[in-house]
Structures are given as C-alpha cells and as structure tokens.
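*Asks:* Below you'll find the structure I mean.
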Amino acid sequence: MHRNRIAVLPGDGIGKEVIPQAVRVIQATGANVEITELDWGCDRYLRDRVTVPLEGFAMLAREFDAILVGAFGDPRVPTNIHAKEILLGMRFKMDLYANVRPVRLLDASLCPLKNIEPKDIDFVVLRENTEGVYTDAGGVFKQGTSDEIAIQEDINTRKGVERILRYAFEYCERSKKLDGSPRSKVLMCDKSNAMTHAGGLWQRTFKEVARDHPQIKTEHMYVDALCMQMVRDPRQFDVIVTNNMFGDIITDLAAGLQGGLGMAASGNIHPGKTSMFEPVHGSAPPIAGKNMANPFGAILTAAMMLAHLGLAVEADKVEAAILEAVRQRKTTQDIGGTLGTKEAGEALANFIAK
C-alpha cells in the first residue's frame, strides 16, 4: 500500500501552534502517511537569510505527495520577503493554479446572519491562483516624490483563465454537498463592466467552456454585487469561480459566514501534481504563543488534504469530529468554547479515537 508522504511547514506565528494540532489529528485517524517537517519560515530566515533552500520547490514536487502549510509573516521581517518567496513562490513555481476554498456552516451559532441554518451555506470558491495582480508585474517611477507613479499590472492569459474555468465545471460535476446532493451551478464573478480587457477574456472563455458542460447551470455576477448577495442570501451559491484578487477578497467575506477565518480551509491544487494545503487565517502575531488560536481551520485543511490523497475515510473522521466538537462547544473562544489551541486539538483526537 502506498504510504503518502506529506511535507509540513508550520511557518510563523500561530502556524507553529495550529499545524501541530492538525498533525496530531491526522495521526489519530491512523492515516497511512509519512510526515516530514521543514523549517522554512521567519526563524530560519533570520538565522541564515534563506527563504527557500536551493531547488526547494523541485524537492517538494519530487519527494512529497502533498504539502501542509501553516502561516507566514512575522513583524521581525517587516518586508515579509520570506513569506512572499515561500508561499507565493510555491503557488507560482509549482503552478498550483486552482485555489479551492470550501464555505460550509457547521452550526447556526457560528453565522452572523439571522435565520440561517447549516444547510443554507454550502458552497465553494475557486480562485485562479497564478495570475492577476499577484504576479507583481509593474513598477514605481519617481518614488517618494509628488510625481510618484505606481503601476500594478493585472495579468490574464487564455491558458490560465481557461484551465481554472474548466476546473470549476469539472469540480461541479464530481463533487457533492454535505447532504449528498449533487452540485449543479457554476457562477463566474468578475468586474467586466469596468475591467473590459480582462473581463472580455473571462466572459468569452466562460461561455465557450460552458458549452462543453450543458448539464451545468451558469450564472454571472459582478464582484460588488456578489459581495452584497453573499451577505443577503448565501443560499443561492454553489460553485463560484473568479480571478486571483477577487477570490482573495470574497473568500475572507465568505469565511465570516462560517465562523471566521479560524474555520476556513483551502487547497492549492494542480491535478496530478504535488499540491499544497493551507488554512487562510494568517500568522496573527498578536495572539501567537498564547494558546488562543483556533486550530479547526488548519485541521479542516488537513481533512481536505487527506481527501485529495484518496484517504476519504480518514478525512470523514476528521470532519465528523469537528462537527461534534462544535456541537459540544469543545472549541476555542472565538467560536463559543473555552479551550485553548492544544486542548481543542486534543478534544478532536479523542473524538476520533472513540
């Protein structure tokens, strides 16, 4: 039996607290995995000025089946150069073009909207992960003067747009909601009424790809309208696909519907290649080291990773344990419990062991 090899990068801040709990829960499931921890992060950068070791990304792709990442960012490195080179470098250089962010409400008490039940919030946002303004194309002219000009280019290629749209339709066809019902609709989000060049490419490609999937319903919304509708009536959403920047923004809003960033999971996927999984909450320096951080986002991310590796039984054990913990309030304070980070992880491991 294949033993899945997982590289673990706890990173900085609360990443070094939540990722050990995710590993603890993975091990509690009995999953057939081999875990190797790597020390990439702020501490190593301050020690030897290395962000990514030589051939580091090639090594990850060659030697591991998946990568579990904590968070990057530390005030001791004001430029966050290590975070950029590790995290964005991993996405770009390993070509992890599909950022997958499930938005699921486990308990009504976690949602700030009134009259919303868990069945009402069960959608996924697919974000193009290797293009857009995050490529850092552009520059600054006459910096520091009153004539300063800053240009940030939004890069969209036919290849990049088409493959994330195809991924969205294929994801819709193969995945199901928590209640077992099939997904049936792909909504493409853009701002093509203002960003006409990029928007035109997205619009045309969306229509072309949709013709290959006639059984899937399609819809379009401008990003500002989508944000309003997400708060007004999240029941209407199923699969949302969008560009890099809009995806970054709307998924943080969506996280607020499911209990906050501490409950949000994500995967950075390239089908058939080594993919990377990370919670979306950031390194949170103000609470780092205080045993306060919610580990459930990291643990749900670990469950995504297990499912991606074909370990569906183990992934289901993790998700069932988190649901039970939320119902029993065996959680951290941000979602209504009284436990610390370590204690919340221990509670989940105990639920799985029963």
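Residues in the structure tokens are numbered from 1 in each chain, the chains being A, B, ... in the order shown, and ligands are numbered from 1 in the order shown.
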I want to know what sits within 7 Å of Ala28 (chain A), based on only C-alpha atoms, with residues of the same chain fewer than 2 positions away left out; could you give that as a PDB file with N, CA and C atoms, in the first residue's frame?

*Replies:*
ATOM      1  N   ARG A  24      -1.472  16.123  14.762  1.00  0.00           N
ATOM      2  CA  ARG A  24      -1.963  15.245  15.832  1.00  0.00           C
ATOM      3  C   ARG A  24      -3.264  14.554  15.424  1.00  0.00           C
ATOM      4  N   VAL A  25      -4.157  15.301  14.812  1.00  0.00           N
ATOM      5  CA  VAL A  25      -5.449  14.751  14.396  1.00  0.00           C
ATOM      6  C   VAL A  25      -5.275  13.794  13.224  1.00  0.00           C
ATOM      7  N   ILE A  26      -4.406  14.134  12.279  1.00  0.00           N
ATOM      8  CA  ILE A  26      -4.120  13.207  11.180  1.00  0.00           C
ATOM      9  C   ILE A  26      -3.653  11.867  11.732  1.00  0.00           C
ATOM     10  N   GLY A  30      -5.191   7.329  12.022  1.00  0.00           N
ATOM     11  CA  GLY A  30      -4.498   6.142  11.550  1.00  0.00           C
ATOM     12  C   GLY A  30      -4.173   6.184  10.068  1.00  0.00           C
ATOM     13  N   ALA A 349      -8.806  14.746  18.676  1.00  0.00           N
ATOM     14  CA  ALA A 349      -8.130  13.448  18.629  1.00  0.00           C
ATOM     15  C   ALA A 349      -8.881  12.440  19.477  1.00  0.00           C
ATOM     16  N   ILE A 352     -12.005  11.196  17.654  1.00  0.00           N
ATOM     17  CA  ILE A 352     -11.667  10.242  16.601  1.00  0.00           C
ATOM     18  C   ILE A 352     -11.319   8.878  17.198  1.00  0.00           C
ATOM     19  N   ALA A 353     -10.693   8.889  18.362  1.00  0.00           N
ATOM     20  CA  ALA A 353     -10.244   7.638  18.974  1.00  0.00           C
ATOM     21  C   ALA A 353     -11.395   6.817  19.552  1.00  0.00           C
TER      22      ALA A 353
END

*Asks:* Residues at most 8 Å from region 69-74 of chain A, counting only C-alpha atoms, excluding those fewer than 4 positions away in the same chain, as a PyMOL selection string?

*Replies:* chain A and resi 8-16+18-19+41-42+78+80+82-83+87+276-283+285+298

*Asks:* With N, CA, C and O atoms retained, export the selected residues as a compact mmCIF listing (two decimals), in the first residue's frame.

*Replies:*
# COMPACT_ATOMS: atom_id res chain seq x y z
N VAL A 8 5.44 19.11 5.91
CA VAL A 8 4.74 20.03 6.82
C VAL A 8 5.62 21.25 7.06
O VAL A 8 6.77 21.12 7.48
N LEU A 9 5.05 22.44 6.77
CA LEU A 9 5.75 23.71 7.00
C LEU A 9 4.90 24.53 7.96
O LEU A 9 3.99 25.25 7.54
N PRO A 10 5.15 24.45 9.27
CA PRO A 10 4.34 25.22 10.22
C PRO A 10 4.45 26.72 10.01
O PRO A 10 3.49 27.46 10.25
N GLY A 11 5.63 27.20 9.60
CA GLY A 11 5.79 28.62 9.28
C GLY A 11 6.01 29.49 10.49
O GLY A 11 6.85 29.21 11.35
N ASP A 12 5.20 30.54 10.58
CA ASP A 12 5.38 31.58 11.60
C ASP A 12 4.14 31.72 12.48
O ASP A 12 3.06 31.23 12.16
N GLY A 13 4.31 32.47 13.57
CA GLY A 13 3.17 32.86 14.39
C GLY A 13 2.33 31.68 14.83
O GLY A 13 2.84 30.65 15.26
N ILE A 14 1.00 31.82 14.68
CA ILE A 14 0.11 30.75 15.13
C ILE A 14 0.21 29.50 14.25
O ILE A 14 -0.29 28.44 14.64
N GLY A 15 0.88 29.62 13.10
CA GLY A 15 1.10 28.42 12.30
C GLY A 15 1.83 27.35 13.10
O GLY A 15 1.56 26.15 12.96
N LYS A 16 2.76 27.78 13.95
CA LYS A 16 3.53 26.84 14.76
C LYS A 16 2.72 26.25 15.90
O LYS A 16 3.17 25.31 16.57
N VAL A 18 -1.06 25.81 15.40
CA VAL A 18 -2.21 25.08 14.85
C VAL A 18 -1.78 23.87 14.02
O VAL A 18 -2.48 22.84 14.01
N ILE A 19 -0.66 23.96 13.34
CA ILE A 19 -0.24 22.84 12.49
C ILE A 19 0.11 21.60 13.32
O ILE A 19 -0.26 20.48 12.93
N GLY A 41 10.76 29.40 7.16
CA GLY A 41 9.98 30.42 7.85
C GLY A 41 10.86 31.52 8.37
O GLY A 41 12.05 31.63 8.05
N CYS A 42 10.27 32.35 9.21
CA CYS A 42 10.96 33.54 9.72
C CYS A 42 12.21 33.18 10.52
O CYS A 42 13.26 33.80 10.36
N PRO A 78 9.95 43.03 8.46
CA PRO A 78 8.92 43.97 8.00
C PRO A 78 8.54 43.82 6.53
O PRO A 78 7.40 44.06 6.16
N ASN A 80 8.43 41.05 4.92
CA ASN A 80 7.81 39.74 4.71
C ASN A 80 8.34 39.04 3.45
O ASN A 80 7.63 38.28 2.80
N HIS A 82 10.33 36.62 3.19
CA HIS A 82 10.32 35.15 3.28
C HIS A 82 8.93 34.60 3.00
O HIS A 82 8.78 33.57 2.34
N ALA A 83 7.89 35.32 3.48
CA ALA A 83 6.52 34.88 3.24
C ALA A 83 6.21 34.89 1.75
O ALA A 83 5.61 33.96 1.21
N LEU A 87 5.48 31.27 0.10
CA LEU A 87 4.08 30.99 -0.18
C LEU A 87 3.70 31.28 -1.63
O LEU A 87 3.19 30.42 -2.35
N MET A 276 -0.58 21.85 -2.46
CA MET A 276 -0.31 22.45 -1.15
C MET A 276 -1.63 22.86 -0.48
O MET A 276 -2.51 23.39 -1.13
N PHE A 277 -1.71 22.63 0.82
CA PHE A 277 -2.92 22.91 1.58
C PHE A 277 -2.58 23.83 2.74
O PHE A 277 -1.60 23.61 3.46
N GLU A 278 -3.40 24.87 2.94
CA GLU A 278 -3.11 25.86 3.98
C GLU A 278 -4.40 26.45 4.53
O GLU A 278 -5.32 26.75 3.77
N PRO A 279 -4.49 26.64 5.85
CA PRO A 279 -5.57 27.45 6.39
C PRO A 279 -5.36 28.89 5.94
O PRO A 279 -4.25 29.28 5.58
N VAL A 280 -6.40 29.71 5.98
CA VAL A 280 -6.31 31.03 5.36
C VAL A 280 -6.17 32.17 6.37
O VAL A 280 -6.21 33.34 5.99
N HIS A 281 -5.96 31.85 7.64
CA HIS A 281 -6.07 32.87 8.68
C HIS A 281 -4.84 33.75 8.86
O HIS A 281 -4.89 34.75 9.56
N GLY A 282 -3.72 33.41 8.30
CA GLY A 282 -2.52 34.23 8.52
C GLY A 282 -1.83 33.89 9.83
O GLY A 282 -2.30 33.07 10.63
N SER A 283 -0.71 34.56 10.07
CA SER A 283 0.14 34.21 11.21
C SER A 283 -0.29 34.86 12.53
O SER A 283 0.18 34.45 13.59
N PRO A 285 0.28 37.60 14.57
CA PRO A 285 1.29 37.84 15.61
C PRO A 285 0.74 38.26 16.98
O PRO A 285 1.30 37.85 18.01
N ALA A 298 -6.98 24.83 10.29
CA ALA A 298 -5.84 24.01 9.89
C ALA A 298 -6.22 22.54 9.83
O ALA A 298 -5.78 21.79 8.94

*Asks:* Any idea what's packed within 9 Å of Pro271 (chain A), counting only C-alpha atoms, ignoring anything in its chain fewer than 2 positions away? Could you give it as a list of chain:residue names?

*Replies:*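 The contact residues come out as A:Leu96, A:Ala98, A:Ile269, A:Lys273, A:Thr274, A:Ser275.
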
*Asks:* If DSSP is run on the backbone, what residues of region 154-354 of chain A are helix (DSSP H, G or I)? A reply as a ChimeraX atom specification would be ideal.

*Replies:* /A:158-174,196-211,223-232,234-236,244-257,261-263,285-287,296-308,312-327,333-335,341-353

*Asks:* Go through region 117-314 of chain A and collect every residue that DSSP, computed from the backbone, puts in strand (DSSP E); the answer should be as a ChimeraX atom specification.

*Replies:* /A:122-128,138-141,149-152,185-190,217-222,239-242,267-269,275-277

*Asks:* Using only N, CA and C atoms, please write the residues we just selected to a file, as a compact mmCIF listing (two decimals), in the first residue's frame.

*Replies:*
# COMPACT_ATOMS: atom_id res chain seq x y z
N ASP A 122 -23.35 26.15 1.91
CA ASP A 122 -22.54 25.01 1.48
C ASP A 122 -22.12 25.25 0.02
N PHE A 123 -21.14 26.13 -0.15
CA PHE A 123 -20.65 26.41 -1.49
C PHE A 123 -19.13 26.43 -1.50
N VAL A 124 -18.55 26.59 -2.67
CA VAL A 124 -17.10 26.59 -2.78
C VAL A 124 -16.68 27.72 -3.72
N VAL A 125 -15.57 28.37 -3.37
CA VAL A 125 -15.00 29.41 -4.23
C VAL A 125 -13.71 28.86 -4.83
N LEU A 126 -13.62 28.93 -6.15
CA LEU A 126 -12.42 28.51 -6.87
C LEU A 126 -11.74 29.76 -7.42
N ARG A 127 -10.54 29.98 -6.96
CA ARG A 127 -9.79 31.21 -7.27
C ARG A 127 -8.60 30.88 -8.16
N GLU A 128 -8.48 31.58 -9.28
CA GLU A 128 -7.29 31.43 -10.11
C GLU A 128 -6.09 31.87 -9.27
N GLY A 138 4.78 45.26 -13.02
CA GLY A 138 4.60 46.70 -12.93
C GLY A 138 5.82 47.34 -12.31
N GLY A 139 5.66 48.50 -11.73
CA GLY A 139 6.79 49.17 -11.11
C GLY A 139 6.44 50.54 -10.59
N VAL A 140 7.44 51.19 -10.04
CA VAL A 140 7.27 52.52 -9.45
C VAL A 140 8.25 53.48 -10.11
N PHE A 141 7.77 54.67 -10.43
CA PHE A 141 8.60 55.70 -11.05
C PHE A 141 8.55 56.95 -10.18
N ILE A 149 4.57 57.55 -9.55
CA ILE A 149 3.63 56.73 -10.33
C ILE A 149 3.84 55.27 -9.95
N ALA A 150 2.77 54.60 -9.60
CA ALA A 150 2.83 53.17 -9.29
C ALA A 150 1.91 52.43 -10.24
N ILE A 151 2.44 51.40 -10.89
CA ILE A 151 1.68 50.60 -11.84
C ILE A 151 1.69 49.14 -11.39
N GLN A 152 0.51 48.57 -11.25
CA GLN A 152 0.36 47.16 -10.89
C GLN A 152 -0.47 46.50 -11.98
N LYS A 185 -24.41 24.22 -10.36
CA LYS A 185 -24.31 25.56 -10.94
C LYS A 185 -22.92 26.14 -10.75
N VAL A 186 -22.40 26.75 -11.80
CA VAL A 186 -21.14 27.49 -11.73
C VAL A 186 -21.43 28.96 -11.99
N LEU A 187 -21.01 29.80 -11.06
CA LEU A 187 -21.15 31.25 -11.18
C LEU A 187 -19.78 31.85 -11.40
N MET A 188 -19.63 32.62 -12.47
CA MET A 188 -18.36 33.30 -12.72
C MET A 188 -18.48 34.75 -12.27
N CYS A 189 -17.51 35.18 -11.48
CA CYS A 189 -17.50 36.53 -10.91
C CYS A 189 -16.37 37.33 -11.53
N ASP A 190 -16.67 38.56 -11.97
CA ASP A 190 -15.64 39.45 -12.48
C ASP A 190 -16.07 40.90 -12.29
N LYS A 217 -25.71 24.46 -14.88
CA LYS A 217 -26.27 25.81 -15.00
C LYS A 217 -25.16 26.83 -14.84
N THR A 218 -25.29 27.95 -15.51
CA THR A 218 -24.28 29.00 -15.41
C THR A 218 -24.91 30.32 -15.00
N GLU A 219 -24.10 31.14 -14.34
CA GLU A 219 -24.55 32.45 -13.90
C GLU A 219 -23.34 33.37 -13.85
N HIS A 220 -23.58 34.67 -13.90
CA HIS A 220 -22.51 35.65 -13.81
C HIS A 220 -22.93 36.76 -12.85
N MET A 221 -21.98 37.24 -12.05
CA MET A 221 -22.21 38.41 -11.20
C MET A 221 -20.96 39.26 -11.19
N TYR A 222 -21.13 40.58 -11.14
CA TYR A 222 -20.02 41.46 -10.87
C TYR A 222 -19.62 41.29 -9.40
N VAL A 239 -21.01 26.76 -6.86
CA VAL A 239 -19.59 26.86 -7.21
C VAL A 239 -19.36 28.25 -7.80
N ILE A 240 -18.45 28.99 -7.20
CA ILE A 240 -18.08 30.33 -7.67
C ILE A 240 -16.65 30.26 -8.20
N VAL A 241 -16.40 30.83 -9.37
CA VAL A 241 -15.04 30.86 -9.92
C VAL A 241 -14.70 32.30 -10.28
N THR A 242 -13.47 32.71 -9.97
CA THR A 242 -13.10 34.09 -10.19
C THR A 242 -11.58 34.23 -10.27
N GLY A 267 -7.16 24.62 -0.34
CA GLY A 267 -6.16 23.82 -1.03
C GLY A 267 -5.68 24.55 -2.26
N ASN A 268 -4.42 24.38 -2.59
CA ASN A 268 -3.82 24.96 -3.79
C ASN A 268 -3.44 23.78 -4.69
N ILE A 269 -4.22 23.61 -5.74
CA ILE A 269 -4.23 22.34 -6.47
C ILE A 269 -3.70 22.49 -7.89
N SER A 275 0.37 19.00 -4.50
CA SER A 275 -0.42 20.19 -4.19
C SER A 275 -0.22 20.61 -2.74
N MET A 276 -0.58 21.85 -2.46
CA MET A 276 -0.31 22.45 -1.15
C MET A 276 -1.63 22.86 -0.48
N PHE A 277 -1.71 22.63 0.82
CA PHE A 277 -2.92 22.91 1.58
C PHE A 277 -2.58 23.83 2.74

*Asks:* Which value, in Å to one decimal, gives the distance between CA of Arg44 (chain A) and CA of Ile6 (chain A)?

*Replies:* 20.4 Å

*Asks:* Might you pull out every residue within 7 Å of Ala321 (chain A), with only C-alpha atoms counted and same-chain residues fewer than 2 positions away left off, and present them as a list in words?

*Replies:*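 Counting only the stated atoms, we get Lys317, Val318, Glu319, Leu323, Glu324, Ala325, Leu348, Phe351 and Ile352 of chain A.
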
*Asks:* Name the residues in contact with region 129-133 of chain A at a cut-off of 9 Å, using only C-alpha atoms, excluding same-chain residues fewer than 5 positions from it; report them as a list in words.

*Replies:*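 The contact residues come out as Leu88, Arg91, Phe92, Lys93, Asp95, Leu96, Tyr97, Ala98, Asn99, Gln152, Glu153, Asp154, Ile155, Asn156, Thr157, Gly160, Val161, Ile164, Asn243, Asn244, Met245, Gly247 and Asn268 of chain A.
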
*Asks:* May I have the selected residues written with N, CA, C and O atoms, as a tab-separated table (two decimals), in the first residue's frame?

*Replies:*
chain	number	residue	atom	x	y	z
A	88	LEU	N	3.97	32.52	-2.08
A	88	LEU	CA	3.66	32.84	-3.47
A	88	LEU	C	4.57	32.06	-4.42
A	88	LEU	O	4.15	31.65	-5.50
A	91	ARG	N	3.07	28.68	-4.93
A	91	ARG	CA	1.91	28.71	-5.83
A	91	ARG	C	2.34	28.90	-7.28
A	91	ARG	O	1.86	28.20	-8.18
A	92	PHE	N	3.24	29.86	-7.52
A	92	PHE	CA	3.63	30.18	-8.89
A	92	PHE	C	4.58	29.15	-9.48
A	92	PHE	O	4.38	28.66	-10.59
A	93	LYS	N	5.65	28.81	-8.76
A	93	LYS	CA	6.68	27.97	-9.33
A	93	LYS	C	6.28	26.50	-9.41
A	93	LYS	O	6.80	25.74	-10.23
A	95	ASP	N	3.11	25.88	-9.95
A	95	ASP	CA	1.95	26.02	-10.84
A	95	ASP	C	0.67	25.47	-10.21
A	95	ASP	O	-0.10	24.76	-10.85
A	96	LEU	N	0.42	25.86	-8.97
A	96	LEU	CA	-0.77	25.41	-8.25
A	96	LEU	C	-1.91	26.37	-8.57
A	96	LEU	O	-2.25	27.25	-7.79
A	97	TYR	N	-2.52	26.15	-9.72
A	97	TYR	CA	-3.37	27.18	-10.31
A	97	TYR	C	-4.78	27.26	-9.75
A	97	TYR	O	-5.48	28.26	-9.95
A	98	ALA	N	-5.24	26.22	-9.04
A	98	ALA	CA	-6.61	26.22	-8.54
A	98	ALA	C	-6.61	26.33	-7.01
A	98	ALA	O	-6.21	25.40	-6.32
A	99	ASN	N	-7.03	27.48	-6.52
A	99	ASN	CA	-7.20	27.65	-5.08
A	99	ASN	C	-8.65	27.29	-4.74
A	99	ASN	O	-9.59	27.91	-5.24
A	152	GLN	N	0.51	48.57	-11.25
A	152	GLN	CA	0.36	47.16	-10.89
A	152	GLN	C	-0.47	46.50	-11.98
A	152	GLN	O	-1.66	46.75	-12.12
A	153	GLU	N	0.17	45.65	-12.76
A	153	GLU	CA	-0.50	45.05	-13.91
A	153	GLU	C	-1.34	43.84	-13.51
A	153	GLU	O	-0.94	43.04	-12.66
A	154	ASP	N	-2.49	43.71	-14.15
A	154	ASP	CA	-3.38	42.56	-13.95
A	154	ASP	C	-3.18	41.61	-15.13
A	154	ASP	O	-3.64	41.90	-16.24
A	155	ILE	N	-2.48	40.51	-14.89
A	155	ILE	CA	-2.12	39.59	-15.97
A	155	ILE	C	-3.14	38.47	-16.07
A	155	ILE	O	-3.39	37.74	-15.11
A	156	ASN	N	-3.75	38.32	-17.25
A	156	ASN	CA	-4.70	37.24	-17.51
A	156	ASN	C	-4.35	36.60	-18.85
A	156	ASN	O	-4.33	37.30	-19.87
A	157	THR	N	-4.09	35.31	-18.85
A	157	THR	CA	-3.79	34.61	-20.10
A	157	THR	C	-4.96	33.70	-20.46
A	157	THR	O	-5.71	33.25	-19.59
A	160	GLY	N	-4.45	30.44	-18.61
A	160	GLY	CA	-4.75	30.49	-17.18
A	160	GLY	C	-6.23	30.61	-16.90
A	160	GLY	O	-6.76	29.95	-15.99
A	161	VAL	N	-6.93	31.44	-17.67
A	161	VAL	CA	-8.36	31.61	-17.48
A	161	VAL	C	-9.11	30.33	-17.85
A	161	VAL	O	-9.99	29.87	-17.11
A	164	ILE	N	-8.74	27.33	-15.17
A	164	ILE	CA	-9.47	27.45	-13.92
A	164	ILE	C	-10.97	27.33	-14.16
A	164	ILE	O	-11.71	26.77	-13.34
A	243	ASN	N	-11.12	35.46	-10.42
A	243	ASN	CA	-9.68	35.69	-10.58
A	243	ASN	C	-8.98	35.73	-9.22
A	243	ASN	O	-9.59	35.57	-8.17
A	244	ASN	N	-7.68	35.97	-9.26
A	244	ASN	CA	-6.85	35.87	-8.06
A	244	ASN	C	-7.24	36.88	-6.99
A	244	ASN	O	-7.48	36.53	-5.83
A	245	MET	N	-7.33	38.14	-7.35
A	245	MET	CA	-7.61	39.17	-6.35
A	245	MET	C	-9.04	39.10	-5.83
A	245	MET	O	-9.27	39.15	-4.62
A	247	GLY	N	-10.96	36.57	-5.78
A	247	GLY	CA	-11.09	35.35	-4.99
A	247	GLY	C	-10.54	35.52	-3.59
A	247	GLY	O	-11.11	35.01	-2.62
A	268	ASN	N	-4.42	24.38	-2.59
A	268	ASN	CA	-3.82	24.96	-3.79
A	268	ASN	C	-3.44	23.78	-4.69
A	268	ASN	O	-2.48	23.07	-4.40

*Asks:* As an exercise, work out the distance from CA of Arg5 (chain A) to CA of Val33 (chain A) in Å and give it to one decimal place.

*Replies:*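 These two atoms are separated by 5.8 Å.
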
*Asks:* So which one's closest to Leu309 (chain A), A:Ser184, A:Gln21, A:Asn32, A:Ser146? Using only C-alpha atoms, please.

*Replies:*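 Using only C-alpha atoms, the shortest distance to Leu309 (chain A) belongs to A:Asn32.
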
*Asks:* Which residue gives the smallest distance to Leu60 (chain A) among A:Thr79, A:Gln328, A:Thr36, A:Ser109, with only C-alpha atoms counted?

*Replies:*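 Nearest candidate to Leu60 (chain A) out of A:Thr79, A:Gln328, A:Thr36, A:Ser109: A:Thr36.
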